[in-house]
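Undergrad: Could you have a look at this structure, given as structure tokens, before my questions?
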Amino acid sequence: MKISAIVPVKSFSKAKKRLQLPVEKTEDLCGIMLEEVLNILSQSRLFEKIVIVSRDELAFKISKKVGALQIYDHDERGVNQAVSLADKYLQNIPIDASVVFPQDIPLVQIEDIHFLLDFKRPSRCALVVPSRKFDGTNALFRCPLDLMPTHYDEDSYKLHLSTAYSCSSCSSLVLIRRIMLDIDIPTDLRFMQSQHEKPHLASAITGILEQNA
């Protein structure tokens with residue numbers, strides 16, 4: 001089975017407003033998180049293609065290091081539009097299945113990706129990993145690519161799960177702690193740093209937050 005990873009990336013300068021950080025720190029933080037996620041996806045060696053959909057030049061520069069396929073999102077109308085752009089491209093390759101990952105799950109490890117894909121089925125199947133707060137979706141596996149539309153920014157976890165079950169009885173909710181840990185608000189950052197999962201990452205993020213404090 002040929003699987004692609006899709007990573008939609010909002011322009012760093014417009015992202016993560018709820019962190020209430022200066023733009024420069026937000027951009028640095030987004031860059032570090034994206035690089036960490038892309039490195040894990042690449043090192044897992046599970047994906048035929050890693051696709052980044054964005055209009056942010058720094059995001060493209062970071063993604064080039066792992067040989068990601070870059071799709072320019074001219075309109076930047078949200079995650080659903082970005083995933084749709086990736087789907088249209090991948091259907092022509094062809095790719096059998098995809099997993100949508102956000103850029104803000106920097107604690108993810110290679111074994112987490114393997115664990116998720118162990119649940120996949122060779123035919124119609126969707127897998128949904130929710131956010132820690134059970135409101136968003138932090139990983140969405142779809143086989144085939146057009147199995148179901150995406151519903152990001154709409155209380156997506158519940159909508160994705162109900163849509164998945166309606167599309168295939170093989171669909172599953174999968175709870176993977178490190179994938180569920182996304183970074184949206186200041187308490188998420190503090191929680192992530194308290195986990196001691198990736199000391200190098202925590203140190204880099206602390207350096208950004210303390211710079212010119």
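In the structure tokens, each chain is lettered A, B, ... as it comes, each chain's residues begin at 1, and ligands are numbered from 1 in order of appearance.
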Would you pick out the contacts of segment 175-182 of chain A at 8 Å or less, using only C-alpha atoms, so that residues sharing its chain but fewer than 5 positions from it are not included, and give the list as a VMD selection string?
TA: chain A and resid 104 to 109 112 116 129 to 132 138 to 139 188 192
Undergrad: For segment 45-62 of chain A, please output as a ChimeraX atom specification all residues within 6 Å (counting only C-alpha atoms; exclusion window: fewer than 3 positions along the same chain).
TA: /A:2-9,11,42,65,68-73,82
Undergrad: Could you tell me, as a ChimeraX atom specification, which residues of chain A DSSP assigns to helix (DSSP H, G or I) when given the backbone?
TA: /A:12-14,17-19,23-44,57-64,79-90,110-117,156-167,177-180,186-194,199-210
Undergrad: Excluding Ser44 of chain A and residues on its chain fewer than 4 positions from it, collect all residues at most 10 Å away from it, counting only C-alpha atoms, and give them as a ChimeraX atom specification.
TA: /A:38-40,109-114
Undergrad: Keeping C-alpha atoms for every residue in the selection just given, could you write it to a file as a PDB file, in the first residue's frame?
TA:
```pdb
ATOM      1  CA  LEU A  38       8.695  16.468   9.047  1.00  0.00           C
ATOM      2  CA  ASN A  39      11.872  14.809  10.335  1.00  0.00           C
ATOM      3  CA  ILE A  40       9.840  12.169  12.171  1.00  0.00           C
ATOM      4  CA  GLN A 109       7.806   9.787  17.626  1.00  0.00           C
ATOM      5  CA  ILE A 110       8.452   7.256  14.861  1.00  0.00           C
ATOM      6  CA  GLU A 111       6.852   4.463  16.890  1.00  0.00           C
ATOM      7  CA  ASP A 112       3.654   6.521  17.115  1.00  0.00           C
ATOM      8  CA  ILE A 113       3.376   6.559  13.318  1.00  0.00           C
ATOM      9  CA  HIS A 114       3.954   2.808  13.163  1.00  0.00           C
TER      10      HIS A 114
END
```
Undergrad: Write down as JSON, numbers by chain the residues belonging to segment 7-187 of chain A that are assigned strand (DSSP E or B) by DSSP computed on the backbone.
TA: {"A": [7, 8, 49, 50, 51, 52, 53, 54, 69, 70, 71, 72, 97, 98, 99, 100, 125, 126, 127, 128, 129, 130, 137, 138, 139, 140, 141, 142, 143, 172, 173]}
Undergrad: Next, the residues of the selection above should be written as a compact mmCIF listing (two decimals), in the first residue's frame with N, CA and C atoms.
TA:
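Saved result, again35.txt, follows:
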```txt
# COMPACT_ATOMS: atom_id res chain seq x y z
N VAL A 7 0.75 17.49 5.10
CA VAL A 7 0.93 18.44 6.20
C VAL A 7 0.51 19.83 5.72
N PRO A 8 -0.69 20.27 6.07
CA PRO A 8 -1.10 21.64 5.73
C PRO A 8 -0.43 22.62 6.68
N LYS A 49 5.18 9.52 -0.27
CA LYS A 49 5.33 10.96 -0.46
C LYS A 49 5.02 11.67 0.85
N ILE A 50 5.76 12.74 1.12
CA ILE A 50 5.40 13.69 2.16
C ILE A 50 5.05 14.98 1.44
N VAL A 51 3.82 15.45 1.64
CA VAL A 51 3.31 16.61 0.91
C VAL A 51 3.09 17.75 1.89
N ILE A 52 3.65 18.90 1.59
CA ILE A 52 3.37 20.09 2.38
C ILE A 52 2.57 21.06 1.51
N VAL A 53 1.50 21.58 2.06
CA VAL A 53 0.65 22.54 1.35
C VAL A 53 0.70 23.85 2.12
N SER A 54 1.22 24.89 1.50
CA SER A 54 1.43 26.14 2.21
C SER A 54 1.68 27.26 1.21
N LEU A 69 7.22 16.99 -1.20
CA LEU A 69 6.54 17.57 -2.34
C LEU A 69 5.85 18.85 -1.88
N GLN A 70 6.06 19.94 -2.58
CA GLN A 70 5.53 21.24 -2.16
C GLN A 70 4.39 21.68 -3.07
N ILE A 71 3.25 21.97 -2.46
CA ILE A 71 2.09 22.48 -3.19
C ILE A 71 1.79 23.88 -2.67
N TYR A 72 1.78 24.85 -3.56
CA TYR A 72 1.56 26.23 -3.16
C TYR A 72 0.07 26.50 -2.99
N ALA A 97 -3.52 5.68 -0.07
CA ALA A 97 -4.05 6.22 1.18
C ALA A 97 -3.23 7.41 1.62
N SER A 98 -3.78 8.19 2.55
CA SER A 98 -3.05 9.35 3.07
C SER A 98 -3.30 9.49 4.56
N VAL A 99 -2.38 10.19 5.21
CA VAL A 99 -2.56 10.59 6.61
C VAL A 99 -2.32 12.09 6.69
N VAL A 100 -3.30 12.81 7.20
CA VAL A 100 -3.16 14.25 7.40
C VAL A 100 -2.62 14.49 8.81
N CYS A 125 -11.14 2.31 4.77
CA CYS A 125 -10.85 2.45 6.20
C CYS A 125 -10.48 3.88 6.52
N ALA A 126 -10.89 4.36 7.68
CA ALA A 126 -10.45 5.67 8.19
C ALA A 126 -10.02 5.50 9.64
N LEU A 127 -8.97 6.22 10.02
CA LEU A 127 -8.49 6.22 11.39
C LEU A 127 -8.42 7.66 11.87
N VAL A 128 -8.93 7.92 13.06
CA VAL A 128 -9.00 9.28 13.59
C VAL A 128 -8.27 9.34 14.93
N VAL A 129 -7.25 10.20 15.01
CA VAL A 129 -6.58 10.48 16.29
C VAL A 129 -7.00 11.88 16.72
N PRO A 130 -7.69 12.00 17.84
CA PRO A 130 -8.16 13.33 18.28
C PRO A 130 -7.06 14.13 18.95
N THR A 137 -8.64 17.25 15.33
CA THR A 137 -8.14 15.99 14.77
C THR A 137 -6.65 16.13 14.52
N ASN A 138 -5.83 15.29 15.16
CA ASN A 138 -4.38 15.41 15.05
C ASN A 138 -3.76 14.40 14.11
N ALA A 139 -4.54 13.44 13.64
CA ALA A 139 -4.11 12.57 12.54
C ALA A 139 -5.37 11.97 11.93
N LEU A 140 -5.41 11.95 10.61
CA LEU A 140 -6.56 11.40 9.90
C LEU A 140 -6.05 10.54 8.75
N PHE A 141 -6.23 9.23 8.89
CA PHE A 141 -5.88 8.27 7.83
C PHE A 141 -7.12 7.99 7.00
N ARG A 142 -6.96 8.02 5.67
CA ARG A 142 -8.07 7.72 4.77
C ARG A 142 -7.60 6.79 3.67
N CYS A 143 -8.31 5.71 3.48
CA CYS A 143 -8.05 4.78 2.40
C CYS A 143 -9.39 4.34 1.80
N SER A 172 -11.76 3.43 12.76
CA SER A 172 -11.46 3.33 14.20
C SER A 172 -11.04 4.68 14.78
N LEU A 173 -11.33 4.86 16.05
CA LEU A 173 -10.75 5.92 16.86
C LEU A 173 -9.46 5.36 17.45
```
Undergrad: Determine the nearest neighbour of Val174 of chain A from the options A:Leu145, A:Cys30, A:Ile208, A:Leu117, counting only C-alpha atoms.
TA: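 Among the listed residues, A:Leu117 lies closest to Val174 of chain A.
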Undergrad: What lies within 12 Å of Gln211 of chain A using only C-alpha atoms, ignoring chain neighbours under 6 positions off, as a PyMOL selection string?
TA: chain A and resi 21-22+24-25+28-29+204-205
Undergrad: Record the distance separating atom CA of Asp155 of chain A and atom CA of Leu41 of chain A, expressed in Å with one decimal.
TA: 25.5 Å
Undergrad: Please identify all polymer residues within 10 Å of Leu159 of chain A, counting only C-alpha atoms, omitting same-chain residues fewer than 4 positions from it, and present them as a PyMOL selection string.
TA: chain A and resi 135-137+150-152+154-155+163-164
Undergrad: When distances are computed from only C-alpha atoms, which of A:Ser123, A:Ser203, A:Asn212, A:Ser63 shows the smallest separation from Ser168 of chain A?
TA: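 With only C-alpha atoms as the atom set, the closest residue is A:Ser123.
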Undergrad: Could you jot down the atom CA of Pro149 of chain A to atom CA of Lys64 of chain A separation for me, Å, one decimal place?
TA: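 Rounded to one decimal, the two atoms are 27.9 Å apart.
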Undergrad: Provide the atom CA of Ile183 of chain A to atom CA of Gln81 of chain A distance in Å, to one decimal place.
TA: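 Pair atom CA of Ile183 of chain A / atom CA of Gln81 of chain A returns 21.7 Å.
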